[in-house]
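J.: Got a structure for you, questions after.
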Amino acid sequence: NLRLPKISVYFHHPNATESFISGRALPPGHMSVTDMLDDFLPPNHPSNLDEMLENPSEYDLPLGHPDLAKMMREKDLPTTGIELFFPHPDVTESIQARRALPVGHPNVAELLEECLPRDHPLNLDEMLNKPSQFPLPFGHPDLNRLMKIEHIPPLIFSAHPNIDANLRAIGGFDFPESHPSVVDLLEDFLPPGHPLDLDNMLRNPSSFELPDFHPSLQFLMNHQSTISAMSVSTAIVADVS
């Protein structure tokens, strides 16, 4: 029996045999099929696979040709371990809309380099900063699946001033000396590379400007009564900005 090669894909791929028979050509940006299958082709098999798949009306599958769809194996996207404790903008949608990374965004290449598939370009930040020059190729996995949104346990149990509004107000806001240490409250949830001098930053807001991409600080608090909080171990953080 002929043993077919298996190409791992991390998305639902159209039926290749059906597409070829119906005359649908490879979409622009599709990876080279010749490069993927060249080592597996039987003797005397035509090697111009990309040309044939880009011009299916000019080529017929011979009788008894193996089902092309059986050469693909759909797999789950590798887990990256990127955890976020706030809602993140839709990354795929941002690229398709040609919206560049905001200034000061963490280095994406450093976050993802260990989970990139073989032969994937490494200039991720350049591509994300120039989305009009680097459109997502056909079949690229949904980038939103690379992130896991985690929930932060409730931090306060009474009304709290709006942090975002106070930080942006002229002169900042009065950070009382008796306020619990924000570093102690949030250290376990800070992303890699985040400054740790949170208390100093909040006491001197005029010296530290929040980057444009920074999530609303109100996401970090979930106002609950003491009674209800005692029965809830984890709370979903809501946007109250």
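Numbering starts fresh at 1 for the residues of each chain in the structure tokens, the chains themselves are lettered A, B, ... in the order given, and ligands are numbered from 1 as they appear.
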Please list as a PyMOL selection string every residue within 12 Å of Leu4 in chain A, counting only C-alpha atoms and excluding residues in the same chain fewer than 6 positions away.
T.: chain A and resi 37+39-42+65-73
J.: Would you please extract all strand (DSSP E or B) residues from range 44-196 of chain A, as assigned by DSSP on the backbone, and give them as a CSV table (one decimal) with C-alpha atoms, in the first residue's frame?
T.:
```csv
chain,number,residue,atom,x,y,z
A,72,MET,CA,-3.2,16.7,5.5
A,73,ARG,CA,-3.5,16.2,9.2
A,74,GLU,CA,-5.3,18.9,11.1
A,82,ILE,CA,1.2,33.7,26.6
A,83,GLU,CA,-1.2,34.6,29.4
A,84,LEU,CA,-3.0,37.9,29.5
A,147,MET,CA,-3.3,34.1,23.7
A,148,LYS,CA,-5.0,32.9,26.8
A,149,ILE,CA,-7.1,35.4,28.8
```
J.: Using only C-alpha atoms, which of the listed residues (A:Glu54, A:Glu150, A:Asp212, A:Asp164) sits closest to Pro191 in chain A?
T.: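 Among the listed residues, the smallest separation from Pro191 in chain A belongs to A:Glu150.
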J.: Which residues come within 10 Å of Asn107 in chain A, counting only C-alpha atoms, excluding same-chain residues fewer than 2 positions away, as a ChimeraX atom specification?
T.: /A:104-105,109-112,124-125,193
J.: So which residues touch Leu196 in chain A within 10 Å, counting only C-alpha atoms, skipping near sequence neighbours fewer than 2 positions away, as a list of chain:residue names?
T.: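 Neighbouring residues, sequence-local ones excluded: A:Val182, A:Val183, A:Asp184, A:Leu186, A:Glu187, A:Leu190, A:Gly193, A:His194, A:Leu198, A:Asp199, A:Asn200, A:Met201.
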J.: Nearest to Glu177 in chain A: which of A:Pro211, A:Ala165, A:Gly64, A:Arg203 is it, counting only C-alpha atoms?
T.: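 Counting only C-alpha atoms, the residue closest to Glu177 in chain A is A:Arg203.
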J.: Using only C-alpha atoms for the distances, tell me which of A:Leu217, A:Leu61, A:Leu143, A:Ala16 is nearest to Val91 in chain A.
T.: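 Ranked by minimum distance to Val91 in chain A, first place goes to A:Leu143.
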J.: For Asp90 in chain A, work out the shell of residues within 10 Å, counting only C-alpha atoms and skipping chain neighbours fewer than 2 positions away, then give it as a list in words.
T.: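 Listing them by chain and then by number gives Pro87, His88, Thr92, Glu93, Ser94, Ile95, Asp142, Leu143 and Asn144 of chain A.
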J.: Between A:Ala159, A:Leu167, A:Val108, A:Ser181, which is the closest to Asn123 in chain A once you count only C-alpha atoms?
T.: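 Closest to Asn123 in chain A of all the choices is A:Val108.
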J.: From a DSSP pass on the backbone, collect the residues of range 28-179 of chain A flagged as alpha helix (DSSP H) and hand them back as an MDAnalysis selection string.
T.: chainID A and resid 33:37 49:54 91:96 108:112 124:129 163:168
J.: Could you save those same residues with N, CA, C and O atoms as a short mmCIF file (atom, residue, chain, number, x, y, z; two decimals), in the first residue's frame?
T.:
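New file selection24.cif:
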```cif
data_model
loop_
_atom_site.label_atom_id
_atom_site.label_comp_id
_atom_site.auth_asym_id
_atom_site.auth_seq_id
_atom_site.Cartn_x
_atom_site.Cartn_y
_atom_site.Cartn_z
N VAL A 33 3.67 23.88 -2.49
CA VAL A 33 3.35 22.46 -2.33
C VAL A 33 4.53 21.61 -2.81
O VAL A 33 4.80 20.53 -2.27
N THR A 34 5.23 22.10 -3.82
CA THR A 34 6.40 21.38 -4.32
C THR A 34 7.44 21.20 -3.22
O THR A 34 7.99 20.11 -3.02
N ASP A 35 7.70 22.29 -2.46
CA ASP A 35 8.69 22.21 -1.38
C ASP A 35 8.25 21.23 -0.30
O ASP A 35 9.08 20.53 0.29
N MET A 36 6.95 21.16 -0.04
CA MET A 36 6.46 20.29 1.04
C MET A 36 6.47 18.82 0.64
O MET A 36 6.67 17.95 1.48
N LEU A 37 6.24 18.53 -0.65
CA LEU A 37 6.05 17.14 -1.06
C LEU A 37 7.16 16.58 -1.94
O LEU A 37 7.12 15.40 -2.31
N LEU A 49 4.40 20.75 -9.10
CA LEU A 49 3.13 20.69 -8.37
C LEU A 49 2.45 22.05 -8.26
O LEU A 49 1.24 22.16 -8.43
N ASP A 50 3.21 23.07 -7.95
CA ASP A 50 2.60 24.39 -7.79
C ASP A 50 1.97 24.87 -9.09
O ASP A 50 0.87 25.43 -9.09
N GLU A 51 2.67 24.65 -10.18
CA GLU A 51 2.11 25.05 -11.48
C GLU A 51 0.80 24.32 -11.76
O GLU A 51 -0.18 24.92 -12.22
N MET A 52 0.76 23.02 -11.46
CA MET A 52 -0.45 22.25 -11.71
C MET A 52 -1.60 22.72 -10.82
O MET A 52 -2.74 22.84 -11.27
N LEU A 53 -1.29 23.00 -9.56
CA LEU A 53 -2.34 23.40 -8.64
C LEU A 53 -2.79 24.84 -8.87
O LEU A 53 -3.92 25.20 -8.53
N GLU A 54 -1.93 25.64 -9.48
CA GLU A 54 -2.31 27.01 -9.82
C GLU A 54 -3.08 27.07 -11.13
O GLU A 54 -3.74 28.09 -11.43
N VAL A 91 -6.18 40.40 17.09
CA VAL A 91 -4.92 40.57 16.37
C VAL A 91 -5.11 40.34 14.87
O VAL A 91 -4.62 41.12 14.04
N THR A 92 -5.80 39.26 14.51
CA THR A 92 -6.01 38.97 13.09
C THR A 92 -6.77 40.12 12.42
O THR A 92 -6.41 40.56 11.32
N GLU A 93 -7.79 40.60 13.08
CA GLU A 93 -8.57 41.71 12.54
C GLU A 93 -7.72 42.97 12.39
O GLU A 93 -7.84 43.70 11.40
N SER A 94 -6.84 43.22 13.35
CA SER A 94 -5.97 44.40 13.28
C SER A 94 -5.03 44.33 12.08
O SER A 94 -4.81 45.32 11.39
N ILE A 95 -4.47 43.14 11.82
CA ILE A 95 -3.57 42.99 10.68
C ILE A 95 -4.34 43.17 9.38
O ILE A 95 -3.87 43.86 8.46
N GLN A 96 -5.52 42.57 9.28
CA GLN A 96 -6.30 42.70 8.06
C GLN A 96 -6.75 44.14 7.83
O GLN A 96 -6.92 44.56 6.69
N VAL A 108 7.14 40.89 20.15
CA VAL A 108 6.36 39.69 19.82
C VAL A 108 7.29 38.53 19.46
O VAL A 108 7.01 37.38 19.78
N ALA A 109 8.40 38.82 18.79
CA ALA A 109 9.33 37.76 18.41
C ALA A 109 9.85 37.02 19.65
O ALA A 109 9.97 35.79 19.65
N GLU A 110 10.15 37.77 20.70
CA GLU A 110 10.64 37.14 21.93
C GLU A 110 9.56 36.29 22.59
O GLU A 110 9.84 35.27 23.22
N LEU A 111 8.30 36.70 22.46
CA LEU A 111 7.20 35.96 23.07
C LEU A 111 6.92 34.66 22.34
O LEU A 111 6.51 33.67 22.95
N LEU A 112 7.13 34.65 21.01
CA LEU A 112 6.68 33.52 20.20
C LEU A 112 7.77 32.69 19.55
O LEU A 112 7.47 31.66 18.94
N LEU A 124 8.89 39.05 13.21
CA LEU A 124 7.48 39.24 13.55
C LEU A 124 7.14 40.70 13.84
O LEU A 124 6.09 41.19 13.42
N ASP A 125 8.01 41.36 14.57
CA ASP A 125 7.71 42.74 14.94
C ASP A 125 7.69 43.65 13.72
O ASP A 125 6.85 44.55 13.62
N GLU A 126 8.61 43.43 12.80
CA GLU A 126 8.59 44.21 11.55
C GLU A 126 7.30 43.97 10.79
O GLU A 126 6.68 44.93 10.28
N MET A 127 6.87 42.71 10.72
CA MET A 127 5.65 42.40 9.98
C MET A 127 4.42 43.02 10.64
O MET A 127 3.53 43.54 9.97
N LEU A 128 4.40 42.98 11.98
CA LEU A 128 3.24 43.53 12.69
C LEU A 128 3.25 45.06 12.71
O LEU A 128 2.20 45.69 12.84
N ASN A 129 4.44 45.64 12.56
CA ASN A 129 4.52 47.09 12.49
C ASN A 129 4.25 47.62 11.08
O ASN A 129 4.00 48.82 10.91
N ILE A 163 -9.23 54.74 38.56
CA ILE A 163 -7.77 54.93 38.43
C ILE A 163 -7.41 55.58 37.12
O ILE A 163 -6.57 56.48 37.06
N ASP A 164 -8.03 55.14 36.03
CA ASP A 164 -7.70 55.70 34.71
C ASP A 164 -7.95 57.20 34.68
O ASP A 164 -7.11 57.97 34.22
N ALA A 165 -9.11 57.61 35.17
CA ALA A 165 -9.46 59.03 35.15
C ALA A 165 -8.51 59.84 36.02
O ALA A 165 -8.07 60.93 35.65
N ASN A 166 -8.17 59.30 37.19
CA ASN A 166 -7.28 60.02 38.10
C ASN A 166 -5.86 60.13 37.56
O ASN A 166 -5.20 61.16 37.71
N LEU A 167 -5.37 59.07 36.93
CA LEU A 167 -4.01 59.11 36.40
C LEU A 167 -3.88 60.13 35.28
O LEU A 167 -2.82 60.75 35.11
N ARG A 168 -4.94 60.31 34.51
CA ARG A 168 -4.89 61.23 33.37
C ARG A 168 -5.31 62.64 33.75
O ARG A 168 -5.21 63.55 32.93
#
```
J.: What does the distance from CA of Pro28 in chain A to CA of Gly139 in chain A come to in Å, to one decimal?
T.: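 According to the coordinates, CA of Pro28 in chain A and CA of Gly139 in chain A are separated by 10.6 Å.
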